[in-house]
2 protein chains.
Amino acid sequence: MEYKNLDSLSSFKDLENLNPYNVKSNINKKRIDSYKVSEGAGLTYSYATMPVDETHLKAFQDLADECSVIEKYKTLLNGERINTGEDRLVLHQLTRGQILNDVISDGENKGEFYKLQLDRIQAFSESVRTGKIVGSTGKPFKKVVQIGIGGSDLGPRALYLALRGYCLGQGKDVIEADFISNVDPDDVANVTRDLNFEETLFVLVSKSGTTQETLTNRDLVLQALKNTNIKGFNSKKHMIAVTSKTSPLANSPDVLDAFFIDDYIGGRYSSTSAVGGVILSIAFGFDVFNEVLEGAHEVDKLALNENILENPSLLDALIGVYLRNTLGLGTTAVLPYAQALSRFPAHLQQLDMESNGKSVNRNNERVTYKTGPVIFGEPGTNGQHSFYQLLHQGTDTIPLQFIGFKKSQFEKDIITDGSTSQAKLNANLSAQIVAFALGKNDENPNKVFAGNRYSSLLSAQQLTPAVLGALLAHFENKVMFQGFIWNINSFDQEGVQLGKLLAKKVLRGCDGDEILLAYSDMLK
Amino acid sequence: MEYKNLDSLSSFKDLENLNPYNVKSNINKKRIDSYKVSEGAGLTYSYATMPVDETHLKAFQDLADECSVIEKYKTLLNGERINTGEDRLVLHQLTRGQILNDVISDGENKGEFYKLQLDRIQAFSESVRTGKIVGSTGKPFKKVVQIGIGGSDLGPRALYLALRGYCLGQGKDVIEADFISNVDPDDVANVTRDLNFEETLFVLVSKSGTTQETLTNRDLVLQALKNTNIKGFNSKKHMIAVTSKTSPLANSPDVLDAFFIDDYIGGRYSSTSAVGGVILSIAFGFDVFNEVLEGAHEVDKLALNENILENPSLLDALIGVYLRNTLGLGTTAVLPYAQALSRFPAHLQQLDMESNGKSVNRNNERVTYKTGPVIFGEPGTNGQHSFYQLLHQGTDTIPLQFIGFKKSQFEKDIITDGSTSQAKLNANLSAQIVAFALGKNDENPNKVFAGNRYSSLLSAQQLTPAVLGALLAHFENKVMFQGFIWNINSFDQEGVQLGKLLAKKVLRGCDGDEILLAYSDMLK
């Protein structure tokens, strides 16, 4: 397999010479109807308001081919050590199901290993939900609290919030979940303050079993547990772990049970492993989590398509590269028109920025082109009453990723002024896409909207578990494909190391470093 | 008063020629100790890791002087119609206390008007908190839910979350609050699902009394109330309004009481008016809200200082202009090391991007320089495990606004590995500032940190109500000063209009617009 820098590809040079398609003056129904692709699980990717036409699409296909992105994806699926920085396999897609060859590593079939954990999660979560496993004082668990940070927090939290309304709307029993992540002691104090510890199960999530924030928060929780002085209470019956087999948490007598991941599941890609699976299965039932996996798996399979017009995550990736490397746009806004996706942008922020916020290629040589953009976002319509002013009339163009659904989750609606709330929500979504694309002329420059503010739309019937899995996999695969195109390693994160080292130095008293000392004194 | 474009000022031309100060190789204890300014209320602004030295500071002072920013601020305080786009006064600072002349408008003294509302809020909130005012079935209110969007949501929500831990930590009685904002019907369904309506007071917030999202959500809430079929229940005793005197909500028989704002308080600047005051006073007690006002007022007064070295919000504004207009940096990250400030970045996102995301000057002429940046952020240490990778090693420089406090709010802490959680939190904060500024060389380019990733730090003893008010005013005044320097109107928001118009068109059936129709069909 050849890995080449983007700027050494002749197809990229062609792309660099292409002017953006003028959406503003060349959009019609035909284009809107044809510039969309079905993704698995009922998800559709529409890109009619992106600055591309047939010429760009041809150049994208050439780029994908010259870069062998599908071959690279196959290499990854087949278990090559594609995470070169850490010399690791990359197997998060395998947690959703096997697509190509068996992957054998560490003396085991990794697909079977993930499946075994899944079976264990199913059995355990069913025991909790049916009251077979209860707390130390005999009470069933009514709350589950995950202690973890980064990928052990953002993804699972975003998915939990995304599915809670759906499950309640479907009349399912929901065990409420909460999350503790920040080493700020106020995070633990706030979450544990009103907890009924007798009915609470904690899920301690740390791959290495040594994450400072997570272990410290566990200790704070254990102290709060101790302070309750409940007769017969045994904290060991209220804590389980998600960790790697080799971690200090794996066989700890302090936890009731442990579920395993391994080094081949990066934190930001771990939502479909036990990291997300345990808490989601306990909260909603294993079948719900399994549907998430099925939706993601369908998208993973579709992503093997060499034809970019039948591979939405690859097409999205290529459009993103054009926006970033030819048009020079450095920020992307993620705008879900669904309150249930309130924290999904925060998850994508980690997924994208931690994966592709790199300046060296896979051979550890500096690249001279731009890589991953800044990602931010909030749900619509809230964002409309907040930062959309800048998106419409600011001095920079910010590409937009809209997400929308035909139906709400609770399906509790009302007609006011002749329309339901859901209709109002989606009227706003349609209106914004068109307003950004077409803009508006006016004699008064303060009322002019420049237009050509590019967007794409991911839409589906309803935000179901399968659609959520599909959405998650769409973005994971988009980020992966962009990493291939930029020739960077999307799976390591060297950029987090220096801060860790210096924080330890501060905690040791700064080792005579006067600059660290000056700052730490300011905060003491 | 003269209003000139930034690029017509000779002092800006001087600034444009200044290279950034090389923080990486020229930082020491002396610089850290001297490059900081006290803001009111115990808040300190530190800028030693910003790319500026005495030469820049001199140029900043010249720019502030040539632009007459303090005179413009005085003009605003004295009640000139400085919001030219909407022909309005701008009086949010007056909600915190009077600084200069009496402001007379609409036949009344506006300072007295705001003070009167404040007195009414005090009386009402005390009646609720002492059980003098109770629900329609005789039960005291134990929950308050604000229905509002944009500035009626983000600011009050951010402040509520910021102070809850402090008040609980101080042993105060807290009436829990929640917020409904999105027109997505799932937002109402989710918030109201587990409500005890008999003990809930709703605060309906809309200046115009006609905000579509807010009225629709009120109707959804009223329907949910009706469905409860509680004997003797009367929804009119469970709803109050915050609105303008001339709005349809002002004298509505459907609300128990109404508290007033006026057209001179922009939504994103309304947290210190009745929009934030009612819910915060009910939740925490009026004294807490009053301390927020006092902290903000202190900062407002300090912002009159002509000397930029004694005026931190002005200095912050000038550094921001240098980063944006000389160095070309288009995004800023807000990184509070306090879980209590989890939604403060979302508030600042609205405040800054809606105020300064403009392309025309005060005379409605297009400007040819960059204006407001994109603002995003999440609390540390969470962000460190998420998007910091890109901040450290990505291909763009993103200026950083850190916020930190010596003490936690609950002050429930534990010592593990020789340090408290709060010490660990702040060790990480110090470490990150230094890591971003100094970077690190390494033989392996993947372990290289370029350094000169600029940041500033706002710090205080503890996140108290007064400090929170000071923080809020710091950013409001920073944004105002930047608006003066860019010669734009920071107080209107024409960019939100087009989407509103088109959404109405969609709800009418698209009026034959085939593009709108194509999108609305996709979501039907």
# chains A, B, ... in the order shown; residues from 1 in each chain; ligands from 1

$ select_by_dssp --residues "region 169-250 of chain B" --states "helix (DSSP H, G or I)" --output "JSON, numbers by chain"
{"B": [169, 185, 186, 187, 188, 189, 190, 191, 192, 197, 198, 199, 212, 213, 214, 215, 216, 217, 218, 219, 220, 221, 222, 223, 224, 225, 226, 227, 228, 235, 236, 237, 238]}

$ residues_around --residues "Phe402 (chain A)" --least-positions-apart "6" --cutoff "7 Å" --atoms "only C-alpha atoms" --output "ChimeraX atom specification"
/A:334-336,455-458

$ write_last_selection --atoms "C-alpha atoms" --output "PDB file, in the first residue's frame"
ATOM      1  CA  VAL A 334     -22.753  20.903  12.963  1.00  0.00           C
ATOM      2  CA  LEU A 335     -26.415  21.899  13.283  1.00  0.00           C
ATOM      3  CA  PRO A 336     -28.842  19.122  14.271  1.00  0.00           C
ATOM      4  CA  SER A 455     -24.260  23.245   3.622  1.00  0.00           C
ATOM      5  CA  SER A 456     -25.173  19.595   3.446  1.00  0.00           C
ATOM      6  CA  LEU A 457     -28.034  17.731   5.071  1.00  0.00           C
ATOM      7  CA  LEU A 458     -28.206  14.319   6.703  1.00  0.00           C
TER       8      LEU A 458
END

$ atom_distance --atom1 "CA of Gln146 (chain A)" --atom2 "CA of His347 (chain A)"
15.9 Å

$ residues_around --residues "Gly394 (chain A)" --least-positions-apart "2" --cutoff "7 Å" --atoms "only C-alpha atoms" --output "PyMOL selection string"
(chain A and resi 390-392+396) or (chain B and resi 357-359)

$ write_last_selection --atoms "N, CA and C atoms" --output "PDB file, in the first residue's frame"
ATOM      1  N   LEU A 390     -23.666  35.400  12.576  1.00  0.00           N
ATOM      2  CA  LEU A 390     -22.330  35.371  11.965  1.00  0.00           C
ATOM      3  C   LEU A 390     -22.304  34.438  10.759  1.00  0.00           C
ATOM      4  N   LEU A 391     -23.004  33.311  10.862  1.00  0.00           N
ATOM      5  CA  LEU A 391     -22.998  32.371   9.731  1.00  0.00           C
ATOM      6  C   LEU A 391     -23.606  33.028   8.491  1.00  0.00           C
ATOM      7  N   HIS A 392     -24.636  33.843   8.691  1.00  0.00           N
ATOM      8  CA  HIS A 392     -25.304  34.497   7.567  1.00  0.00           C
ATOM      9  C   HIS A 392     -24.539  35.723   7.063  1.00  0.00           C
ATOM     10  N   ASP A 396     -16.537  35.606   7.320  1.00  0.00           N
ATOM     11  CA  ASP A 396     -15.980  34.316   6.889  1.00  0.00           C
ATOM     12  C   ASP A 396     -17.097  33.365   6.460  1.00  0.00           C
TER      13      ASP A 396
ATOM     14  N   GLY B 357     -20.701  39.389  14.292  1.00  0.00           N
ATOM     15  CA  GLY B 357     -20.665  38.661  13.012  1.00  0.00           C
ATOM     16  C   GLY B 357     -21.361  39.499  11.942  1.00  0.00           C
ATOM     17  N   LYS B 358     -20.730  40.587  11.555  1.00  0.00           N
ATOM     18  CA  LYS B 358     -21.335  41.576  10.651  1.00  0.00           C
ATOM     19  C   LYS B 358     -20.367  41.923   9.520  1.00  0.00           C
ATOM     20  N   SER B 359     -20.936  42.321   8.401  1.00  0.00           N
ATOM     21  CA  SER B 359     -20.093  42.726   7.259  1.00  0.00           C
ATOM     22  C   SER B 359     -20.300  44.171   6.843  1.00  0.00           C
TER      23      SER B 359
END

$ closest_residue --among "A:Tyr322, A:Phe259, A:Phe286, A:Tyr519" --to "chain B" --atoms "only C-alpha atoms"
A:Tyr519

$ residues_around --residues "Ile104 (chain B)" --least-positions-apart "6" --cutoff "12 Å" --atoms "only C-alpha atoms" --output "MDAnalysis selection string"
chainID B and resid 77:81 89 91 94 110:113

$ atom_distance --atom1 "CA of Ala283 (chain B)" --atom2 "CA of Glu378 (chain B)"
24.6 Å

$ closest_residue --among "A:Gly169, A:Pro465, A:Gly277, A:Gly285" --to "chain B" --atoms "only C-alpha atoms"
A:Gly169

$ residues_around --residues "Gln350 (chain A)" --least-positions-apart "2" --cutoff "7 Å" --atoms "only C-alpha atoms" --output "VMD selection string"
(chain A and resid 268 346 to 348 352 to 354) or (chain B and resid 386 to 387)

$ write_last_selection --atoms "C-alpha atoms" --output "tab-separated table (two decimals), in the first residue's frame"
chain	number	residue	atom	x	y	z
A	268	ARG	CA	-13.23	8.66	20.45
A	346	ALA	CA	-19.53	17.92	21.20
A	347	HIS	CA	-18.88	14.26	20.37
A	348	LEU	CA	-18.11	15.08	16.73
A	352	ASP	CA	-12.88	15.05	14.19
A	353	MET	CA	-10.50	17.46	15.93
A	354	GLU	CA	-8.64	14.81	17.93
B	386	SER	CA	-11.25	15.93	23.28
B	387	PHE	CA	-10.33	18.74	20.88

$ select_by_dssp --residues "region 181-333 of chain B" --states "strand (DSSP E)" --output "NGL selection string"
:B and (200-205 or 239-244 or 258-261 or 331-333)

$ write_last_selection --atoms "C-alpha atoms" --output "mmCIF file, in the first residue's frame"
data_model
loop_
_atom_site.group_PDB
_atom_site.id
_atom_site.type_symbol
_atom_site.label_atom_id
_atom_site.label_comp_id
_atom_site.auth_asym_id
_atom_site.auth_seq_id
_atom_site.Cartn_x
_atom_site.Cartn_y
_atom_site.Cartn_z
ATOM 1 C CA THR B 200 -43.843 24.188 39.191
ATOM 2 C CA LEU B 201 -43.756 27.841 38.184
ATOM 3 C CA PHE B 202 -43.167 28.675 34.516
ATOM 4 C CA VAL B 203 -41.464 31.875 33.427
ATOM 5 C CA LEU B 204 -42.430 32.847 29.902
ATOM 6 C CA VAL B 205 -39.785 35.124 28.409
ATOM 7 C CA MET B 239 -47.104 31.109 34.838
ATOM 8 C CA ILE B 240 -45.461 34.516 34.935
ATOM 9 C CA ALA B 241 -44.075 36.577 32.063
ATOM 10 C CA VAL B 242 -40.969 38.615 31.371
ATOM 11 C CA THR B 243 -41.758 40.889 28.460
ATOM 12 C CA SER B 244 -42.001 44.497 27.322
ATOM 13 C CA ALA B 258 -45.365 40.166 34.496
ATOM 14 C CA PHE B 259 -41.934 41.736 34.843
ATOM 15 C CA PHE B 260 -40.746 44.223 32.299
ATOM 16 C CA ILE B 261 -37.817 44.878 30.059
ATOM 17 C CA THR B 331 -11.603 31.335 15.758
ATOM 18 C CA THR B 332 -11.299 31.626 19.533
ATOM 19 C CA ALA B 333 -11.757 28.845 22.087
#

$ residues_around --residues "region 409-418 of chain B" --least-positions-apart "2" --cutoff "12 Å" --atoms "only C-alpha atoms" --output "ChimeraX atom specification"
/A:183-193,212-224,227,504,507-509 /B:161-172,338-341,405-407,420-425,461-465

$ atom_distance --atom1 "CA of Asn452 (chain B)" --atom2 "CA of Lys24 (chain B)"
5.4 Å

$ residues_around --residues "Lys4 (chain A)" --least-positions-apart "4" --cutoff "10 Å" --atoms "only C-alpha atoms" --output "ChimeraX atom specification"
/A:8-9,66-67,361-363,484-488

$ write_last_selection --atoms "N, CA and C atoms" --output "PDB file, in the first residue's frame"
ATOM      1  N   SER A   8       1.110  15.719  -3.306  1.00  0.00           N
ATOM      2  CA  SER A   8       1.914  15.035  -4.328  1.00  0.00           C
ATOM      3  C   SER A   8       1.020  14.286  -5.326  1.00  0.00           C
ATOM      4  N   LEU A   9      -0.300  14.354  -5.123  1.00  0.00           N
ATOM      5  CA  LEU A   9      -1.219  13.631  -6.012  1.00  0.00           C
ATOM      6  C   LEU A   9      -1.624  14.528  -7.182  1.00  0.00           C
ATOM      7  N   GLU A  66      -6.853   7.677  -6.820  1.00  0.00           N
ATOM      8  CA  GLU A  66      -5.387   7.824  -6.756  1.00  0.00           C
ATOM      9  C   GLU A  66      -4.879   7.590  -5.339  1.00  0.00           C
ATOM     10  N   CYS A  67      -5.686   7.974  -4.370  1.00  0.00           N
ATOM     11  CA  CYS A  67      -5.299   7.824  -2.962  1.00  0.00           C
ATOM     12  C   CYS A  67      -5.614   6.420  -2.434  1.00  0.00           C
ATOM     13  N   ASN A 361       2.588  13.752   8.750  1.00  0.00           N
ATOM     14  CA  ASN A 361       1.970  12.644   8.018  1.00  0.00           C
ATOM     15  C   ASN A 361       2.263  11.307   8.710  1.00  0.00           C
ATOM     16  N   ARG A 362       1.865  10.233   8.059  1.00  0.00           N
ATOM     17  CA  ARG A 362       2.030   8.923   8.665  1.00  0.00           C
ATOM     18  C   ARG A 362       3.491   8.538   8.876  1.00  0.00           C
ATOM     19  N   ASN A 363       4.390   9.195   8.140  1.00  0.00           N
ATOM     20  CA  ASN A 363       5.823   8.924   8.318  1.00  0.00           C
ATOM     21  C   ASN A 363       6.471   9.945   9.245  1.00  0.00           C
ATOM     22  N   PHE A 484      -6.994   9.452   5.530  1.00  0.00           N
ATOM     23  CA  PHE A 484      -6.283   8.782   4.426  1.00  0.00           C
ATOM     24  C   PHE A 484      -5.865   9.816   3.376  1.00  0.00           C
ATOM     25  N   ILE A 485      -6.784  10.722   3.043  1.00  0.00           N
ATOM     26  CA  ILE A 485      -6.502  11.697   1.983  1.00  0.00           C
ATOM     27  C   ILE A 485      -5.402  12.667   2.419  1.00  0.00           C
ATOM     28  N   TRP A 486      -5.439  13.070   3.675  1.00  0.00           N
ATOM     29  CA  TRP A 486      -4.398  13.977   4.166  1.00  0.00           C
ATOM     30  C   TRP A 486      -3.100  13.221   4.483  1.00  0.00           C
ATOM     31  N   ASN A 487      -3.174  11.901   4.401  1.00  0.00           N
ATOM     32  CA  ASN A 487      -2.023  11.041   4.694  1.00  0.00           C
ATOM     33  C   ASN A 487      -1.525  11.208   6.128  1.00  0.00           C
ATOM     34  N   ILE A 488      -2.479  11.409   7.044  1.00  0.00           N
ATOM     35  CA  ILE A 488      -2.111  11.521   8.453  1.00  0.00           C
ATOM     36  C   ILE A 488      -2.627  10.302   9.208  1.00  0.00           C
TER      37      ILE A 488
END

$ closest_residue --among "B:Ser68, B:Thr210, B:Ser105, B:Thr368" --to "Glu306 (chain B)" --atoms "only C-alpha atoms"
B:Ser68

$ closest_residue --among "A:Val255, A:Ala274, A:Ile180, A:Ala59" --to "chain B" --atoms "only C-alpha atoms"
A:Ile180

$ closest_residue --among "A:Leu249, A:Leu327, A:Ile70, A:Leu438" --to "Asn17 (chain A)" --atoms "only C-alpha atoms"
A:Leu327

$ closest_residue --among "A:Val496, A:Ala450, A:Val292, A:Leu57" --to "Ala466 (chain A)" --atoms "only C-alpha atoms"
A:Val292

$ decode --residues "region 486-506 of chain B" --atoms "N, CA and C atoms" --output "PDB file, in the first residue's frame"
ATOM      1  N   TRP B 486     -14.271  48.012  15.160  1.00  0.00           N
ATOM      2  CA  TRP B 486     -14.598  47.562  13.800  1.00  0.00           C
ATOM      3  C   TRP B 486     -15.613  48.504  13.128  1.00  0.00           C
ATOM      4  N   ASN B 487     -16.118  49.460  13.909  1.00  0.00           N
ATOM      5  CA  ASN B 487     -17.106  50.436  13.415  1.00  0.00           C
ATOM      6  C   ASN B 487     -18.381  49.749  12.924  1.00  0.00           C
ATOM      7  N   ILE B 488     -18.752  48.694  13.629  1.00  0.00           N
ATOM      8  CA  ILE B 488     -19.996  48.000  13.278  1.00  0.00           C
ATOM      9  C   ILE B 488     -21.021  48.215  14.392  1.00  0.00           C
ATOM     10  N   ASN B 489     -22.252  47.884  14.103  1.00  0.00           N
ATOM     11  CA  ASN B 489     -23.306  47.955  15.110  1.00  0.00           C
ATOM     12  C   ASN B 489     -23.434  46.589  15.776  1.00  0.00           C
ATOM     13  N   SER B 490     -22.955  46.505  17.012  1.00  0.00           N
ATOM     14  CA  SER B 490     -22.954  45.211  17.713  1.00  0.00           C
ATOM     15  C   SER B 490     -24.323  44.869  18.290  1.00  0.00           C
ATOM     16  N   PHE B 491     -25.313  45.733  18.084  1.00  0.00           N
ATOM     17  CA  PHE B 491     -26.555  45.576  18.848  1.00  0.00           C
ATOM     18  C   PHE B 491     -27.781  45.213  18.004  1.00  0.00           C
ATOM     19  N   ASP B 492     -27.616  45.112  16.687  1.00  0.00           N
ATOM     20  CA  ASP B 492     -28.735  44.613  15.884  1.00  0.00           C
ATOM     21  C   ASP B 492     -28.413  43.190  15.417  1.00  0.00           C
ATOM     22  N   GLN B 493     -29.307  42.571  14.678  1.00  0.00           N
ATOM     23  CA  GLN B 493     -29.095  41.195  14.198  1.00  0.00           C
ATOM     24  C   GLN B 493     -29.931  40.962  12.945  1.00  0.00           C
ATOM     25  N   GLU B 494     -29.644  41.745  11.901  1.00  0.00           N
ATOM     26  CA  GLU B 494     -30.388  41.600  10.646  1.00  0.00           C
ATOM     27  C   GLU B 494     -30.238  40.201  10.064  1.00  0.00           C
ATOM     28  N   GLY B 495     -29.128  39.530  10.400  1.00  0.00           N
ATOM     29  CA  GLY B 495     -28.841  38.212   9.829  1.00  0.00           C
ATOM     30  C   GLY B 495     -29.815  37.124  10.222  1.00  0.00           C
ATOM     31  N   VAL B 496     -30.694  37.406  11.176  1.00  0.00           N
ATOM     32  CA  VAL B 496     -31.654  36.369  11.569  1.00  0.00           C
ATOM     33  C   VAL B 496     -32.971  36.506  10.803  1.00  0.00           C
ATOM     34  N   GLN B 497     -33.119  37.575  10.035  1.00  0.00           N
ATOM     35  CA  GLN B 497     -34.440  37.875   9.453  1.00  0.00           C
ATOM     36  C   GLN B 497     -34.810  36.962   8.279  1.00  0.00           C
ATOM     37  N   LEU B 498     -33.864  36.754   7.367  1.00  0.00           N
ATOM     38  CA  LEU B 498     -34.194  36.023   6.144  1.00  0.00           C
ATOM     39  C   LEU B 498     -34.727  34.620   6.453  1.00  0.00           C
ATOM     40  N   GLY B 499     -34.064  33.924   7.354  1.00  0.00           N
ATOM     41  CA  GLY B 499     -34.507  32.580   7.726  1.00  0.00           C
ATOM     42  C   GLY B 499     -35.929  32.596   8.276  1.00  0.00           C
ATOM     43  N   LYS B 500     -36.238  33.602   9.103  1.00  0.00           N
ATOM     44  CA  LYS B 500     -37.592  33.722   9.663  1.00  0.00           C
ATOM     45  C   LYS B 500     -38.627  33.857   8.548  1.00  0.00           C
ATOM     46  N   LEU B 501     -38.340  34.754   7.607  1.00  0.00           N
ATOM     47  CA  LEU B 501     -39.262  34.983   6.486  1.00  0.00           C
ATOM     48  C   LEU B 501     -39.490  33.700   5.693  1.00  0.00           C
ATOM     49  N   LEU B 502     -38.403  33.026   5.371  1.00  0.00           N
ATOM     50  CA  LEU B 502     -38.519  31.817   4.557  1.00  0.00           C
ATOM     51  C   LEU B 502     -39.224  30.697   5.317  1.00  0.00           C
ATOM     52  N   ALA B 503     -39.009  30.619   6.626  1.00  0.00           N
ATOM     53  CA  ALA B 503     -39.692  29.582   7.411  1.00  0.00           C
ATOM     54  C   ALA B 503     -41.207  29.811   7.349  1.00  0.00           C
ATOM     55  N   LYS B 504     -41.610  31.059   7.428  1.00  0.00           N
ATOM     56  CA  LYS B 504     -43.051  31.366   7.314  1.00  0.00           C
ATOM     57  C   LYS B 504     -43.580  30.947   5.945  1.00  0.00           C
ATOM     58  N   LYS B 505     -42.751  31.201   4.932  1.00  0.00           N
ATOM     59  CA  LYS B 505     -43.138  30.824   3.574  1.00  0.00           C
ATOM     60  C   LYS B 505     -43.323  29.298   3.476  1.00  0.00           C
ATOM     61  N   VAL B 506     -42.425  28.562   4.073  1.00  0.00           N
ATOM     62  CA  VAL B 506     -42.562  27.104   4.064  1.00  0.00           C
ATOM     63  C   VAL B 506     -43.855  26.697   4.765  1.00  0.00           C
TER      64      VAL B 506
END
